[in-house]
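Here is the structure we will look at, set down as structure tokens.
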Amino acid sequence: MKKIIITIILLLIPFIFAFILPVPKGLSYAAWVLFAIYIAAILGLVFKPVPNAIVLATAVTGVALFLGAELGGAKKATQSALSGYASPTTWIIISAFALSIAFTKTGLGARIAYLLINALGKSTLRLGYVTSFLDLIISPATPSNTARAGGIVFPIINSIANNLNPNKSGEANRAGAYLACNTYMSTKVTSFIFATAQASNFLVISAINTHFNLGLDWGMWALALVVPGIICLLFVPIITYIFIRPDVKKIDNKAIASQGLAKLGKITNREIMLIVIFIAALLGWSLPSILNVMGFKISINATAVALAAMCASVLTGVIKWEDIASSKEAISTLFWFGGIMSLSTLLKEHNFFTWLGALLEGTLTFKDHAFLAVVIIGLISIFIRYLFASATVYAVTIFPVFLLLAKAAGADVLTLCFVLAATNSFGGAITHYGGPAAPIIFGAGYNNVKEWWLTGTMVALISFVIILFVGGVWWKIVF
């Protein structure tokens, strides 16, 4: 009954805006109604009366059905409403899911984990670094950090935690508490290092390019954030270790790795082919931007590379088409992500963001203190982010507003964009509901709320300092 009431309220919002509330001065009627549909969609993503895919499909349908007169006719309205599903941004995410599925289906993700454990995992702290490095290695190919942390990394770590303390369960298993929390904290850092490490990163890229026309792409993102991001990642296991002391210090990593690799057997041709495809995709995504910075012009579209990787994975037998088609997460992402892109594009075309920027201009100014603007807005971003259970919802609601505030405040555009992009990820480390992977890992029962929130807060704040100072120096070097 509660979900039905929420659904009815959300459906009424566009009608209230359209027929009752006055259109603000300087804003068109079409933009006002589009904004209402957008608000209803965002609230739908927050309260989840129905799945996210249906929320956005309903919003897109509303645009197509009721805004024909304002958008140039019924046919044009339908085309505009569906435009997000043809967006290259949408398809790079969907295509990258194929690689994510392949890492699980072939067992390559698990094999990399056991090889890292064999080489590095002599102690619980070192095993924490194994977790972080594993997440980092597979992050460019897993746009769902839920699938990465909850589906690939944590099951392996959880099994190890149980073996380390077979007579202790729940919060009594302090090694499990450390490893579990570290798994989540690591993924909240790796999620901002590569654009394809988190689906919402492409919403961030779209917003940045909309407001500042930076031409930000996969390669430029990676070039900007890989150095400060890896430095942040190096601190995560240590921070977690300080606040959650494991009760097992030494680990027989050779035995664990040997057992794990024995179950996997010899490396298969599918795994070898996946490695080749993965490396080729990374080169295709990164080389154009890196070479452009060096003065060599090369044009390779990131979406084309992702599509090629997906097709190659199926054509070479790494995975089957049915593996992709049966992925609920990939199909759901297609629906909600394409819908968000449609609404965002329409709001831009009808000058909503221009109007909002003019409205905000003058409300926040730091005069000649541009760095102070970045610090204050960044801190606000972190602590507002903790209210959200989804980086996607944050990216489509608060992030564009912060960009406009920063522009009005005179902050350095490049610095602010990358800082805010990172805060959307590690800002979600603070709580045990800051991302869909959190309930999976916290739900294992190893951790209590106090230690989780305290660790997450320190990870977020230290990452913020590193991004500000290391990132600030790095960006001056490379851009």
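Chains: A, B, ... in order of the structure tokens. Residues: from 1 per chain. Ligands: from 1, in order shown.
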
(request) Please return as a ChimeraX atom specification: the residues of region 119-358 of chain A that backbone DSSP assigns to alpha helix (DSSP H). (result) /A:119-120,124-138,145,154-164,174-190,200-212,218-243,253-264,269-293,302-315,321-325,328-349,352-358

(Q) Just want the 12 Å neighbourhood of Ala30 (chain A), counted on only C-alpha atoms, with same-chain residues fewer than 4 positions away dropped. Output as a ChimeraX atom specification. (A) /A:14,17-18,23-24,26,34-37,63,66-72,77,343,346-352

Q.
Report as a list in words all protein, DNA and RNA residues lying within 12 Å of Phe371 (chain A), evaluated on only C-alpha atoms, omitting residues in the same chain fewer than 2 positions from it.
A.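 Final neighbour list, sorted by chain and number: Thr365, Phe366, Lys367, Asp368, His369, Ala373, Val374, Val375, Ile376, Ile377, Gly378, Ala406, Ala409, Gly410, Ala411, Asp412, Val413, Leu414, Thr415, Leu416, Val419, Leu468, Phe469 and Gly472 of chain A.
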
Take the residues that were just selected and, keeping N, CA and C atoms, output them as a JSON list (two decimals), in the first residue's frame.
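The resulting file, out.json, is reproduced below:
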[["chain", "number", "residue", "atom", "x", "y", "z"],
["A", 365, "THR", "N", 29.94, 33.59, -3.37],
["A", 365, "THR", "CA", 31.13, 34.14, -4.01],
["A", 365, "THR", "C", 32.31, 34.14, -3.04],
["A", 366, "PHE", "N", 33.48, 33.78, -3.55],
["A", 366, "PHE", "CA", 34.69, 33.75, -2.74],
["A", 366, "PHE", "C", 35.72, 34.76, -3.26],
["A", 367, "LYS", "N", 35.26, 35.58, -4.19],
["A", 367, "LYS", "CA", 36.11, 36.62, -4.79],
["A", 367, "LYS", "C", 37.42, 36.01, -5.31],
["A", 368, "ASP", "N", 38.55, 36.36, -4.70],
["A", 368, "ASP", "CA", 39.84, 35.87, -5.21],
["A", 368, "ASP", "C", 40.28, 34.56, -4.55],
["A", 369, "HIS", "N", 39.44, 33.96, -3.74],
["A", 369, "HIS", "CA", 39.81, 32.75, -3.00],
["A", 369, "HIS", "C", 39.23, 31.52, -3.70],
["A", 373, "ALA", "N", 36.99, 28.04, -2.33],
["A", 373, "ALA", "CA", 35.71, 27.62, -2.91],
["A", 373, "ALA", "C", 35.72, 26.12, -3.16],
["A", 374, "VAL", "N", 36.82, 25.61, -3.69],
["A", 374, "VAL", "CA", 36.93, 24.18, -3.97],
["A", 374, "VAL", "C", 36.87, 23.38, -2.66],
["A", 375, "VAL", "N", 37.58, 23.84, -1.64],
["A", 375, "VAL", "CA", 37.61, 23.14, -0.36],
["A", 375, "VAL", "C", 36.23, 23.07, 0.27],
["A", 376, "ILE", "N", 35.57, 24.22, 0.35],
["A", 376, "ILE", "CA", 34.26, 24.28, 1.02],
["A", 376, "ILE", "C", 33.21, 23.48, 0.25],
["A", 377, "ILE", "N", 33.15, 23.69, -1.06],
["A", 377, "ILE", "CA", 32.15, 22.96, -1.86],
["A", 377, "ILE", "C", 32.45, 21.46, -1.84],
["A", 378, "GLY", "N", 33.73, 21.09, -1.85],
["A", 378, "GLY", "CA", 34.11, 19.68, -1.79],
["A", 378, "GLY", "C", 33.69, 19.03, -0.48],
["A", 406, "ALA", "N", 29.88, 26.36, -8.13],
["A", 406, "ALA", "CA", 31.33, 26.57, -8.26],
["A", 406, "ALA", "C", 31.63, 27.60, -9.34],
["A", 409, "ALA", "N", 30.88, 30.89, -8.03],
["A", 409, "ALA", "CA", 31.80, 31.29, -6.96],
["A", 409, "ALA", "C", 33.20, 31.61, -7.47],
["A", 410, "GLY", "N", 33.47, 31.33, -8.73],
["A", 410, "GLY", "CA", 34.78, 31.64, -9.30],
["A", 410, "GLY", "C", 35.83, 30.59, -9.03],
["A", 411, "ALA", "N", 35.39, 29.35, -8.72],
["A", 411, "ALA", "CA", 36.36, 28.27, -8.45],
["A", 411, "ALA", "C", 37.04, 27.85, -9.74],
["A", 412, "ASP", "N", 38.25, 27.29, -9.60],
["A", 412, "ASP", "CA", 38.95, 26.77, -10.76],
["A", 412, "ASP", "C", 38.16, 25.58, -11.31],
["A", 413, "VAL", "N", 37.77, 25.69, -12.57],
["A", 413, "VAL", "CA", 36.84, 24.73, -13.16],
["A", 413, "VAL", "C", 37.41, 23.32, -13.17],
["A", 414, "LEU", "N", 38.63, 23.16, -13.69],
["A", 414, "LEU", "CA", 39.22, 21.84, -13.83],
["A", 414, "LEU", "C", 39.38, 21.15, -12.48],
["A", 415, "THR", "N", 39.94, 21.89, -11.52],
["A", 415, "THR", "CA", 40.15, 21.33, -10.19],
["A", 415, "THR", "C", 38.84, 20.93, -9.54],
["A", 416, "LEU", "N", 37.86, 21.83, -9.60],
["A", 416, "LEU", "CA", 36.58, 21.57, -8.96],
["A", 416, "LEU", "C", 35.89, 20.36, -9.57],
["A", 419, "VAL", "N", 37.65, 17.16, -8.37],
["A", 419, "VAL", "CA", 37.43, 16.98, -6.93],
["A", 419, "VAL", "C", 36.01, 16.48, -6.66],
["A", 468, "LEU", "N", 42.90, 16.94, -3.24],
["A", 468, "LEU", "CA", 43.11, 18.39, -3.30],
["A", 468, "LEU", "C", 44.56, 18.75, -3.61],
["A", 469, "PHE", "N", 45.48, 18.16, -2.87],
["A", 469, "PHE", "CA", 46.87, 18.59, -2.96],
["A", 469, "PHE", "C", 47.68, 17.80, -3.99],
["A", 472, "GLY", "N", 45.86, 18.40, -7.28],
["A", 472, "GLY", "CA", 46.08, 19.77, -7.74],
["A", 472, "GLY", "C", 47.43, 19.95, -8.43]]

**Asked** Counting only C-alpha atoms, what is within 7 Å of region 83-88 of chain A, bar same-chain residues fewer than 3 positions away, as a list in words?
**Response** Gln79, Ser80, Trp91, Ile92, Thr303, Gly338, Gly339, Met341 and Ser342 of chain A

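Counting only C-alpha atoms, the residue from A:Ala98, A:Ala113, A:Leu179, A:Ala306 that sits nearest to Leu282 (chain A) is A:Ala306.
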
**Asked** For Val60 (chain A), which residue among A:Thr78, A:Thr431, A:Asn162, A:Ser326 is the nearest when counting only C-alpha atoms?
**Response**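 With only C-alpha atoms as the atom set, the closest residue is A:Thr78.
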
Atom pair CA of Thr457 (chain A) + CA of Ile430 (chain A), distance 4.8 Å
